[in-house]
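This is data_29.tsv. It holds TSV, C-alpha atoms and all ligand atoms.
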```tsv
chain	number	residue	atom	x	y	z
A	1	MET	CA	206.50	-27.47	-51.18
A	2	LYS	CA	207.13	-31.22	-51.16
A	3	ILE	CA	210.67	-32.60	-50.94
A	4	LEU	CA	211.68	-36.20	-51.60
A	5	VAL	CA	214.62	-37.20	-49.39
A	6	THR	CA	216.44	-40.33	-50.55
A	7	GLY	CA	218.40	-41.90	-47.71
A	8	GLY	CA	216.28	-39.87	-45.30
A	9	ALA	CA	216.53	-42.42	-42.50
A	10	GLY	CA	220.33	-42.16	-42.41
A	11	TYR	CA	222.57	-39.96	-40.31
A	12	ILE	CA	222.63	-36.74	-42.35
A	13	GLY	CA	219.25	-37.53	-43.93
A	14	SER	CA	217.35	-37.78	-40.64
A	15	HIS	CA	218.82	-34.52	-39.33
A	16	THR	CA	217.87	-32.83	-42.60
A	17	CYS	CA	214.31	-34.17	-42.33
A	18	VAL	CA	214.01	-32.49	-38.90
A	19	GLU	CA	215.06	-29.13	-40.32
A	20	LEU	CA	212.81	-29.52	-43.39
A	21	LEU	CA	209.81	-30.23	-41.18
A	22	ASN	CA	210.75	-27.31	-38.91
A	23	GLU	CA	210.62	-25.12	-42.03
A	24	ASN	CA	207.18	-26.52	-42.93
A	25	TYR	CA	208.24	-28.46	-46.01
A	26	ASP	CA	206.26	-31.62	-46.74
A	27	VAL	CA	208.69	-34.52	-46.59
A	28	VAL	CA	208.64	-37.86	-48.37
A	29	VAL	CA	211.45	-40.25	-47.45
A	30	LEU	CA	212.66	-43.08	-49.66
A	31	ASP	CA	215.15	-45.40	-47.96
A	32	ASN	CA	215.98	-49.10	-48.33
A	33	LEU	CA	217.09	-49.24	-44.65
A	34	SER	CA	220.26	-51.10	-45.70
A	35	ASN	CA	222.34	-49.02	-43.29
A	36	SER	CA	219.65	-47.21	-41.30
A	37	SER	CA	216.59	-47.79	-39.19
A	38	GLU	CA	212.98	-46.66	-39.49
A	39	GLU	CA	213.23	-45.84	-35.78
A	40	SER	CA	215.16	-42.69	-36.77
A	41	LEU	CA	212.06	-41.47	-38.62
A	42	PHE	CA	209.77	-42.13	-35.66
A	43	ARG	CA	212.13	-39.98	-33.65
A	44	VAL	CA	212.16	-37.26	-36.32
A	45	LYS	CA	208.38	-37.14	-35.86
A	46	ASN	CA	208.77	-36.95	-32.06
A	47	ILE	CA	211.27	-34.11	-32.27
A	48	THR	CA	209.24	-32.03	-34.70
A	49	GLY	CA	205.70	-33.03	-33.76
A	50	LYS	CA	205.10	-33.36	-37.52
A	51	SER	CA	204.61	-36.30	-39.81
A	52	LEU	CA	206.31	-37.44	-42.98
A	53	GLU	CA	205.66	-40.13	-45.58
A	54	PHE	CA	208.03	-43.09	-45.64
A	55	TYR	CA	208.63	-45.56	-48.44
A	56	LYS	CA	210.88	-48.53	-47.79
A	57	ALA	CA	212.14	-48.58	-51.35
A	58	ASP	CA	215.34	-49.09	-53.26
A	59	LEU	CA	216.72	-46.82	-55.96
A	60	LEU	CA	217.82	-49.96	-57.81
A	61	ASN	CA	214.12	-50.77	-58.25
A	62	LYS	CA	212.80	-48.22	-60.71
A	63	LYS	CA	209.19	-49.31	-60.22
A	64	GLN	CA	209.44	-48.36	-56.57
A	65	ILE	CA	210.70	-44.89	-57.48
A	66	LEU	CA	207.93	-44.51	-60.04
A	67	ALA	CA	205.37	-45.36	-57.37
A	68	VAL	CA	206.61	-42.50	-55.16
A	69	PHE	CA	206.50	-39.96	-58.00
A	70	SER	CA	203.06	-41.19	-59.10
A	71	GLU	CA	201.65	-40.76	-55.62
A	72	HIS	CA	203.19	-37.36	-54.81
A	73	LYS	CA	203.74	-34.11	-56.61
A	74	ILE	CA	207.41	-33.70	-55.76
A	75	ASP	CA	208.95	-30.22	-56.10
A	76	GLY	CA	212.56	-31.16	-55.44
A	77	VAL	CA	214.80	-34.02	-54.36
A	78	ILE	CA	217.61	-34.18	-51.81
A	79	HIS	CA	219.62	-37.25	-52.75
A	80	PHE	CA	221.56	-38.77	-49.84
A	81	ALA	CA	221.07	-42.47	-50.53
A	82	GLY	CA	224.27	-44.37	-51.19
A	83	LEU	CA	226.90	-46.69	-49.77
A	84	LYS	CA	229.66	-44.76	-48.02
A	85	ALA	CA	232.33	-46.95	-46.43
A	86	VAL	CA	235.69	-46.20	-48.04
A	87	GLY	CA	237.41	-49.50	-47.08
A	88	GLU	CA	234.46	-51.63	-48.14
A	89	SER	CA	234.35	-49.82	-51.48
A	90	VAL	CA	237.92	-50.93	-52.17
A	91	SER	CA	236.98	-54.60	-51.52
A	92	ILE	CA	233.67	-54.63	-53.39
A	93	PRO	CA	233.84	-51.83	-55.97
A	94	LEU	CA	231.23	-53.31	-58.29
A	95	LYS	CA	228.61	-53.20	-55.56
A	96	TYR	CA	229.48	-49.55	-54.91
A	97	PHE	CA	229.30	-48.59	-58.59
A	98	HIS	CA	226.08	-50.50	-59.13
A	99	ASN	CA	224.37	-49.18	-56.03
A	100	ASN	CA	225.48	-45.55	-56.11
A	101	ILE	CA	225.64	-44.95	-59.87
A	102	THR	CA	222.76	-47.10	-61.12
A	103	GLY	CA	220.59	-45.99	-58.22
A	104	THR	CA	221.23	-42.33	-59.11
A	105	LEU	CA	220.60	-42.96	-62.83
A	106	ASN	CA	217.25	-44.57	-62.00
A	107	LEU	CA	216.31	-41.64	-59.80
A	108	LEU	CA	217.29	-39.07	-62.44
A	109	ALA	CA	215.40	-40.95	-65.18
A	110	VAL	CA	212.19	-40.93	-63.15
A	111	MET	CA	212.67	-37.28	-62.18
A	112	ASN	CA	213.12	-36.46	-65.86
A	113	ASP	CA	209.95	-38.39	-66.82
A	114	PHE	CA	207.94	-36.53	-64.19
A	115	ASN	CA	209.55	-33.21	-65.11
A	116	VAL	CA	210.95	-32.78	-61.59
A	117	LYS	CA	214.28	-31.12	-62.33
A	118	ASN	CA	215.46	-29.79	-58.97
A	119	ILE	CA	218.02	-31.84	-57.09
A	120	VAL	CA	220.48	-31.38	-54.24
A	121	PHE	CA	223.21	-34.00	-54.34
A	122	SER	CA	225.09	-35.15	-51.28
A	123	SER	CA	228.70	-35.00	-52.45
A	124	SER	CA	231.87	-35.07	-50.39
A	125	ALA	CA	235.18	-33.30	-49.88
A	126	THR	CA	236.65	-36.63	-50.98
A	127	VAL	CA	236.24	-35.34	-54.59
A	128	TYR	CA	239.22	-33.02	-53.96
A	129	GLY	CA	241.56	-36.01	-53.51
A	130	ASP	CA	244.79	-34.87	-51.84
A	131	PRO	CA	244.52	-31.07	-52.17
A	132	ALA	CA	247.64	-29.17	-53.23
A	133	SER	CA	246.85	-26.32	-50.81
A	134	LEU	CA	244.45	-25.34	-48.05
A	135	PRO	CA	241.77	-24.16	-47.50
A	136	ILE	CA	239.93	-25.94	-50.29
A	137	LYS	CA	237.89	-23.84	-52.72
A	138	GLU	CA	235.16	-25.22	-54.99
A	139	GLU	CA	237.23	-24.66	-58.14
A	140	PHE	CA	240.14	-26.83	-56.97
A	141	PRO	CA	241.02	-29.80	-59.21
A	142	LEU	CA	239.05	-32.98	-58.58
A	143	SER	CA	240.20	-36.57	-58.26
A	144	ALA	CA	239.21	-39.78	-56.52
A	145	THR	CA	241.38	-42.04	-54.40
A	146	ASN	CA	238.95	-44.95	-53.87
A	147	PRO	CA	235.79	-46.40	-55.47
A	148	TYR	CA	233.48	-44.66	-52.96
A	149	GLY	CA	235.02	-41.30	-53.81
A	150	ARG	CA	234.86	-42.17	-57.50
A	151	THR	CA	231.10	-42.74	-57.25
A	152	LYS	CA	230.71	-39.23	-55.78
A	153	LEU	CA	232.86	-37.75	-58.53
A	154	MET	CA	231.11	-39.72	-61.29
A	155	ILE	CA	227.68	-38.65	-60.05
A	156	GLU	CA	228.86	-35.02	-60.02
A	157	GLU	CA	229.99	-35.48	-63.64
A	158	ILE	CA	226.71	-37.18	-64.63
A	159	LEU	CA	224.82	-34.23	-63.15
A	160	GLN	CA	227.05	-31.75	-65.00
A	161	ASP	CA	226.36	-33.57	-68.29
A	162	LEU	CA	222.66	-33.66	-67.54
A	163	TYR	CA	222.62	-29.93	-66.90
A	164	HIS	CA	224.50	-29.23	-70.13
A	165	SER	CA	221.95	-31.30	-72.06
A	166	ASP	CA	218.92	-29.56	-70.53
A	167	LYS	CA	219.20	-26.17	-68.85
A	168	ASN	CA	215.84	-26.68	-67.12
A	169	TRP	CA	217.63	-28.68	-64.46
A	170	ASN	CA	218.63	-26.98	-61.21
A	171	ILE	CA	221.35	-28.91	-59.46
A	172	ALA	CA	223.24	-28.19	-56.24
A	173	LEU	CA	226.35	-30.24	-55.53
A	174	LEU	CA	227.05	-29.97	-51.80
A	175	ARG	CA	230.51	-31.12	-50.83
A	176	TYR	CA	230.46	-32.08	-47.17
A	177	PHE	CA	233.53	-32.07	-45.00
A	178	ASN	CA	233.51	-34.35	-41.91
A	179	PRO	CA	230.11	-34.46	-40.22
A	180	MET	CA	229.86	-35.23	-36.52
A	181	GLY	CA	227.55	-34.42	-33.62
A	182	ALA	CA	223.87	-35.21	-33.22
A	183	HIS	CA	220.56	-33.46	-32.66
A	184	LYS	CA	220.55	-31.71	-29.27
A	185	SER	CA	217.56	-33.79	-28.14
A	186	GLY	CA	219.78	-36.90	-28.15
A	187	GLU	CA	216.99	-38.65	-30.09
A	188	ILE	CA	218.80	-39.01	-33.42
A	189	GLY	CA	222.48	-39.42	-34.23
A	190	GLU	CA	225.01	-41.55	-36.06
A	191	ASP	CA	224.39	-45.29	-35.75
A	192	PRO	CA	227.03	-47.10	-37.79
A	193	CYS	CA	226.63	-50.78	-38.59
A	194	GLY	CA	229.33	-52.88	-36.88
A	195	ILE	CA	232.69	-51.39	-35.93
A	196	PRO	CA	232.78	-47.74	-37.02
A	197	ASN	CA	235.20	-46.66	-39.75
A	198	ASN	CA	234.99	-42.98	-38.95
A	199	LEU	CA	236.68	-41.21	-36.08
A	200	MET	CA	233.82	-39.71	-34.11
A	201	PRO	CA	231.58	-42.79	-33.77
A	202	TYR	CA	234.70	-44.79	-32.91
A	203	ILE	CA	235.63	-42.38	-30.09
A	204	SER	CA	232.10	-42.33	-28.70
A	205	GLN	CA	231.93	-46.13	-28.68
A	206	VAL	CA	235.21	-46.19	-26.74
A	207	ALA	CA	233.76	-43.66	-24.28
A	208	ILE	CA	230.66	-45.83	-23.68
A	209	GLY	CA	232.81	-48.93	-23.23
A	210	LEU	CA	231.85	-50.83	-26.39
A	211	LEU	CA	235.41	-50.63	-27.76
A	212	PRO	CA	238.65	-50.66	-25.73
A	213	GLN	CA	240.68	-47.85	-27.30
A	214	VAL	CA	241.01	-45.55	-30.29
A	215	SER	CA	243.70	-46.35	-32.84
A	216	VAL	CA	245.15	-43.06	-34.02
A	217	PHE	CA	246.21	-43.62	-37.62
A	218	GLY	CA	249.66	-42.00	-37.71
A	219	ASN	CA	251.34	-39.17	-35.80
A	220	ASP	CA	253.98	-38.37	-38.39
A	221	TYR	CA	251.93	-36.20	-40.75
A	222	ASP	CA	253.05	-32.70	-41.55
A	223	THR	CA	250.48	-31.18	-39.15
A	224	PRO	CA	250.94	-29.33	-35.81
A	225	ASP	CA	250.71	-32.49	-33.65
A	226	GLY	CA	251.47	-35.02	-36.40
A	227	THR	CA	247.94	-36.50	-36.50
A	228	GLY	CA	245.43	-36.01	-39.33
A	229	VAL	CA	243.54	-32.71	-39.50
A	230	ARG	CA	239.94	-32.47	-40.73
A	231	ASP	CA	237.16	-29.92	-40.98
A	232	PHE	CA	234.59	-31.40	-38.58
A	233	ILE	CA	231.14	-29.90	-39.04
A	234	HIS	CA	228.11	-30.35	-36.81
A	235	VAL	CA	225.49	-32.45	-38.59
A	236	VAL	CA	222.78	-29.90	-37.72
A	237	ASP	CA	224.82	-27.12	-39.36
A	238	LEU	CA	225.16	-29.42	-42.36
A	239	ALA	CA	221.40	-30.08	-42.39
A	240	LEU	CA	220.78	-26.31	-42.26
A	241	GLY	CA	223.04	-25.96	-45.31
A	242	HIS	CA	220.42	-27.94	-47.23
A	243	ILE	CA	217.65	-25.70	-45.92
A	244	LYS	CA	219.53	-22.66	-47.24
A	245	THR	CA	220.21	-24.40	-50.57
A	246	LEU	CA	216.56	-25.20	-51.40
A	247	PRO	CA	215.34	-21.59	-51.85
A	248	LYS	CA	218.40	-20.98	-54.01
A	249	LEU	CA	217.53	-24.04	-56.12
A	250	PHE	CA	214.02	-22.69	-56.68
A	251	THR	CA	215.44	-19.45	-58.17
A	252	ASN	CA	216.63	-21.48	-61.21
A	253	PRO	CA	220.36	-21.07	-60.64
A	254	GLY	CA	221.40	-23.91	-63.00
A	255	LEU	CA	224.22	-25.99	-61.57
A	256	VAL	CA	225.80	-24.68	-58.38
A	257	ILE	CA	228.52	-26.12	-56.15
A	258	TYR	CA	229.17	-25.38	-52.48
A	259	ASN	CA	231.58	-26.57	-49.83
A	260	LEU	CA	229.81	-27.21	-46.54
A	261	GLY	CA	232.51	-27.00	-43.90
A	262	THR	CA	233.48	-24.72	-41.03
A	263	GLY	CA	236.81	-23.56	-42.42
A	264	ILE	CA	238.57	-24.79	-39.26
A	265	GLY	CA	240.78	-27.87	-39.05
A	266	TYR	CA	241.07	-29.96	-35.87
A	267	SER	CA	243.52	-32.82	-35.37
A	268	VAL	CA	242.60	-36.34	-34.28
A	269	LEU	CA	244.18	-35.67	-30.87
A	270	GLU	CA	242.24	-32.41	-30.48
A	271	ILE	CA	239.02	-34.31	-31.17
A	272	ILE	CA	239.91	-36.94	-28.57
A	273	LYS	CA	240.63	-34.16	-26.03
A	274	GLY	CA	237.40	-32.37	-26.91
A	275	PHE	CA	235.46	-35.56	-26.40
A	276	GLU	CA	237.15	-36.23	-23.05
A	277	ALA	CA	236.10	-32.77	-21.87
A	278	ALA	CA	232.51	-33.21	-23.06
A	279	SER	CA	232.04	-36.70	-21.64
A	280	ASN	CA	234.23	-36.42	-18.57
A	281	LYS	CA	235.68	-39.80	-19.58
A	282	LYS	CA	239.25	-40.77	-20.30
A	283	ILE	CA	239.56	-41.97	-23.90
A	284	PRO	CA	242.45	-44.44	-24.16
A	285	TYR	CA	244.24	-44.32	-27.49
A	286	LYS	CA	247.31	-45.67	-29.15
A	287	ILE	CA	249.26	-44.45	-32.13
A	288	VAL	CA	249.31	-46.99	-34.96
A	289	ASP	CA	250.41	-46.91	-38.61
A	290	ARG	CA	248.83	-44.51	-41.05
A	291	ARG	CA	245.64	-45.77	-42.69
A	292	PRO	CA	246.29	-46.32	-46.42
A	293	GLY	CA	244.66	-43.64	-48.56
A	294	ASP	CA	244.39	-41.02	-45.78
A	295	ILE	CA	245.54	-37.49	-46.43
A	296	ALA	CA	247.32	-35.29	-43.89
A	297	ALA	CA	244.92	-32.38	-43.74
A	298	CYS	CA	241.72	-31.13	-45.27
A	299	TRP	CA	239.58	-28.11	-44.52
A	300	ALA	CA	237.16	-25.97	-46.47
A	301	ASP	CA	236.98	-22.44	-47.62
A	302	PRO	CA	233.23	-22.02	-46.96
A	303	THR	CA	233.07	-18.41	-48.23
A	304	LYS	CA	231.00	-19.18	-51.32
A	305	ALA	CA	228.18	-20.80	-49.32
A	306	LYS	CA	228.17	-17.81	-46.97
A	307	GLU	CA	228.02	-15.27	-49.79
A	308	GLU	CA	225.54	-17.05	-52.04
A	309	LEU	CA	223.37	-19.01	-49.59
A	310	GLY	CA	223.74	-16.92	-46.45
A	311	TRP	CA	224.83	-20.09	-44.66
A	312	LYS	CA	227.64	-20.66	-42.24
A	313	ALA	CA	228.39	-23.27	-39.63
A	314	ASN	CA	227.76	-21.91	-36.13
A	315	LYS	CA	228.39	-24.80	-33.78
A	316	THR	CA	231.70	-25.34	-32.01
A	317	LEU	CA	233.84	-28.39	-31.41
A	318	ALA	CA	232.50	-28.45	-27.83
A	319	ASP	CA	228.91	-28.56	-29.18
A	320	MET	CA	229.81	-31.40	-31.55
A	321	CYS	CA	231.40	-33.47	-28.77
A	322	LYS	CA	228.66	-32.71	-26.25
A	323	ASP	CA	225.85	-33.63	-28.66
A	324	THR	CA	227.59	-36.81	-29.84
A	325	TRP	CA	228.05	-37.90	-26.23
A	326	ASN	CA	224.45	-37.07	-25.34
A	327	TRP	CA	223.23	-39.25	-28.23
A	328	GLN	CA	225.67	-42.07	-27.43
A	329	LYS	CA	224.93	-42.26	-23.73
A	330	ASN	CA	221.15	-42.17	-24.27
A	331	ASN	CA	221.41	-44.79	-27.03
A	332	PRO	CA	224.38	-47.04	-26.25
A	333	ASN	CA	223.22	-49.45	-28.94
A	334	GLY	CA	222.08	-46.84	-31.42
A	335	TYR	CA	218.52	-47.35	-32.64
A	336	GLY	CA	218.67	-51.01	-31.70
A	337	GLU	CA	217.82	-50.50	-28.08
A	338	SER	CA	217.29	-47.29	-26.14
A	339	LEU	CA	217.53	-46.77	-22.39
B	1	LIG	C1	236.16	-40.46	-44.87
B	1	LIG	C2	236.18	-40.44	-46.36
B	1	LIG	C3	235.24	-39.38	-46.84
B	1	LIG	C4	233.86	-39.65	-46.30
B	1	LIG	C5	233.93	-39.70	-44.79
B	1	LIG	C6	232.57	-40.05	-44.20
B	1	LIG	C7	238.14	-40.52	-47.90
B	1	LIG	C8	239.60	-40.32	-48.02
B	1	LIG	N1	237.58	-40.21	-46.75
B	1	LIG	O1	236.71	-39.21	-44.42
B	1	LIG	O2	235.18	-39.37	-48.21
B	1	LIG	O3	232.97	-38.67	-46.74
B	1	LIG	O4	234.86	-40.67	-44.38
B	1	LIG	O5	232.26	-41.39	-44.43
B	1	LIG	O6	237.53	-40.94	-48.83
B	1	LIG	N2	241.11	-41.74	-37.72
B	1	LIG	C9	241.83	-42.35	-36.71
B	1	LIG	N3	241.31	-43.46	-36.10
B	1	LIG	C10	240.09	-43.98	-36.46
B	1	LIG	C11	239.36	-43.37	-37.50
B	1	LIG	C12	239.89	-42.25	-38.10
B	1	LIG	O7	242.92	-41.90	-36.36
B	1	LIG	O8	239.68	-45.01	-35.89
B	1	LIG	C13	241.62	-40.51	-38.33
B	1	LIG	C14	241.87	-40.62	-39.82
B	1	LIG	O9	243.17	-41.09	-40.08
B	1	LIG	C15	241.65	-39.17	-40.27
B	1	LIG	C16	240.58	-38.65	-39.30
B	1	LIG	O10	240.63	-39.52	-38.17
B	1	LIG	O11	242.82	-38.42	-40.08
B	1	LIG	C17	239.19	-38.66	-39.87
B	1	LIG	O12	238.90	-39.96	-40.38
B	1	LIG	P1	237.41	-40.40	-40.78
B	1	LIG	O13	236.46	-40.02	-39.71
B	1	LIG	O14	237.45	-41.83	-41.22
B	1	LIG	O15	237.07	-39.46	-42.03
B	1	LIG	P2	237.89	-39.22	-43.40
B	1	LIG	O16	238.82	-40.32	-43.69
B	1	LIG	O17	238.43	-37.83	-43.33
```
How does the structure come out when it is put into structure tokens?
Amino acid sequence: MKILVTGGAGYIGSHTCVELLNENYDVVVLDNLSNSSEESLFRVKNITGKSLEFYKADLLNKKQILAVFSEHKIDGVIHFAGLKAVGESVSIPLKYFHNNITGTLNLLAVMNDFNVKNIVFSSSATVYGDPASLPIKEEFPLSATNPYGRTKLMIEEILQDLYHSDKNWNIALLRYFNPMGAHKSGEIGEDPCGIPNNLMPYISQVAIGLLPQVSVFGNDYDTPDGTGVRDFIHVVDLALGHIKTLPKLFTNPGLVIYNLGTGIGYSVLEIIKGFEAASNKKIPYKIVDRRPGDIAACWADPTKAKEELGWKANKTLADMCKDTWNWQKNNPNGYGESL
């Protein structure tokens, strides 16, 4: 069974490639390396002792996608590729819409032409906007609060329309909560470009001494300690969610939607404490204003994925912090330079 992974050199993509290879899938990666490094794929091969095919290609270039489908008999696609920085999407929305939406349309058109109609789409809990209650179930109302989130929501809607037009498609929309952690080998992990936007890479760069302190965005939310609460999920658990989704996709389920989260919310301060314990480092922080667009709290009801896919997240907050630290200390400059 051959799986095309778009964005396979990225953070979630590379961890998913490891688990696909471990399960003996053949893997073809398409990535434009705009926010990732081919080094991650060399390391995927080291971890698994298996090889994969890599195309440095862009979903905006349809000819490049056609080349991949002409050269391989693809059974299904896991579609991670896309721009993902919330703040940047507010400043340059057209780039986000062009890249994420047009790229996906090109991919779907080629899949359709080659009669490859099985796709797992990398969606996000951001499609729930500011949820009216918690935990979040898949049938909750959807909304977007920024252009990045709108691209996720629009792609979900495009896929729904596609399915309604042609019931031969099998589509899984996986809504991720907040991924963190790294592979236990310390070989692959999150390697953000420039100053990280997300909490976990920011904390780990403070721990390694690249950044002076964490800014905690608000301590006046209606949460137990006043700081934001999120459902942090280990990236390997998330990758395994894809492994459980593929067999389901090949049973012709039509369009299915799953939350991939742990069902547990941790606050920003709890994450900082967890990271201090794992790294044995003091993490200086200061409370600053809320970040515009942030919500107070967000965590999943992951029951549906457990019942229908037999998947649940198993790793703890301590695992997530320990594995992030292991990756960060072995690779202080990410894939740029290893010790
Ligand atoms: C954001 C996006 C989400 C996206 C995810 C991964 C929104 C609203 N959120 O999630 O769609 O999938 O990134 O790219 O679209 N925090 C700090 N200091 C920091 C950084 C973060 O206090 O330096 C706090 C935030 O206020 C929040 C929590 O940490 O309470 C998590 O933030 P972050 O890691 O950026 O993820 P989200 O905003 O939840």
Near range 326-333 of chain A, counting all atoms listed in the file, which residues have an atom at most 7 Å away, once you skip same-chain residues fewer than 6 positions from it, shown as a short mmCIF file (atom, residue, chain, number, x, y, z; two decimals) with C-alpha atoms, in the frame of the given file?
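Once written, part30.cif looks like this:
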```cif
data_model
loop_
_atom_site.label_atom_id
_atom_site.label_comp_id
_atom_site.auth_asym_id
_atom_site.auth_seq_id
_atom_site.Cartn_x
_atom_site.Cartn_y
_atom_site.Cartn_z
CA ALA A 182 223.87 -35.21 -33.22
CA GLY A 186 219.78 -36.90 -28.15
CA GLU A 187 216.99 -38.65 -30.09
CA ILE A 188 218.80 -39.01 -33.42
CA GLY A 189 222.48 -39.42 -34.23
CA SER A 204 232.10 -42.33 -28.70
CA ILE A 208 230.66 -45.83 -23.68
CA LEU A 339 217.53 -46.77 -22.39
#
```
The residues within 7 Å of (207.9, -32.5, -39.6), using only C-alpha atoms and the coordinates of the file, should be reported as a PDB file with C-alpha atoms, in the frame of the given file; which are they?
```pdb
ATOM      1  CA  VAL A  18     214.010 -32.490 -38.900  1.00  0.00           C
ATOM      2  CA  LEU A  20     212.810 -29.520 -43.390  1.00  0.00           C
ATOM      3  CA  LEU A  21     209.810 -30.230 -41.180  1.00  0.00           C
ATOM      4  CA  ASN A  22     210.750 -27.310 -38.910  1.00  0.00           C
ATOM      5  CA  ASN A  24     207.180 -26.520 -42.930  1.00  0.00           C
ATOM      6  CA  LYS A  45     208.380 -37.140 -35.860  1.00  0.00           C
ATOM      7  CA  THR A  48     209.240 -32.030 -34.700  1.00  0.00           C
ATOM      8  CA  GLY A  49     205.700 -33.030 -33.760  1.00  0.00           C
ATOM      9  CA  LYS A  50     205.100 -33.360 -37.520  1.00  0.00           C
ATOM     10  CA  SER A  51     204.610 -36.300 -39.810  1.00  0.00           C
ATOM     11  CA  LEU A  52     206.310 -37.440 -42.980  1.00  0.00           C
TER      12      LEU A  52
END
```
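Residues of protein, DNA or RNA lying at most 6 Å from ligand LIG 1 (chain B), when only C-alpha atoms and all ligand atoms are considered, are Lys84, Ala85, Val86, Ser124, Thr126, Gly149, Asn197, Asn198, Leu199, Tyr202, Val214, Ser215, Val216, Phe217, Gly228, Val229, Val268, Arg291 and Asp294 of chain A.
Between Ala57 in chain A and the candidates A:Leu317, A:Ile203, A:Ile272, A:Val28, the tightest atom-to-atom separation, counting only C-alpha atoms, involves A:Val28.
Between CA of Ala81 in chain A and CA of Ser122 in chain A there is a distance of 8.4 Å.
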Neighbour residues at most 10 Å from (241.5, -43.6, -19.8) (all atoms listed in the file) as a ChimeraX atom specification: /A:206-207,212-213,276,281-285
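The space between CA of Lys2 in chain A and CA of Thr102 in chain A spans 24.4 Å.
Picture a line from CA of Ala9 in chain A to CA of Ile78 in chain A; it runs 12.5 Å.
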Exercise: Ala239 in chain A partners within 9 Å, only C-alpha atoms, chain neighbours under 3 positions left out, as a PyMOL selection string: chain A and resi 12-20+234-236+242-243
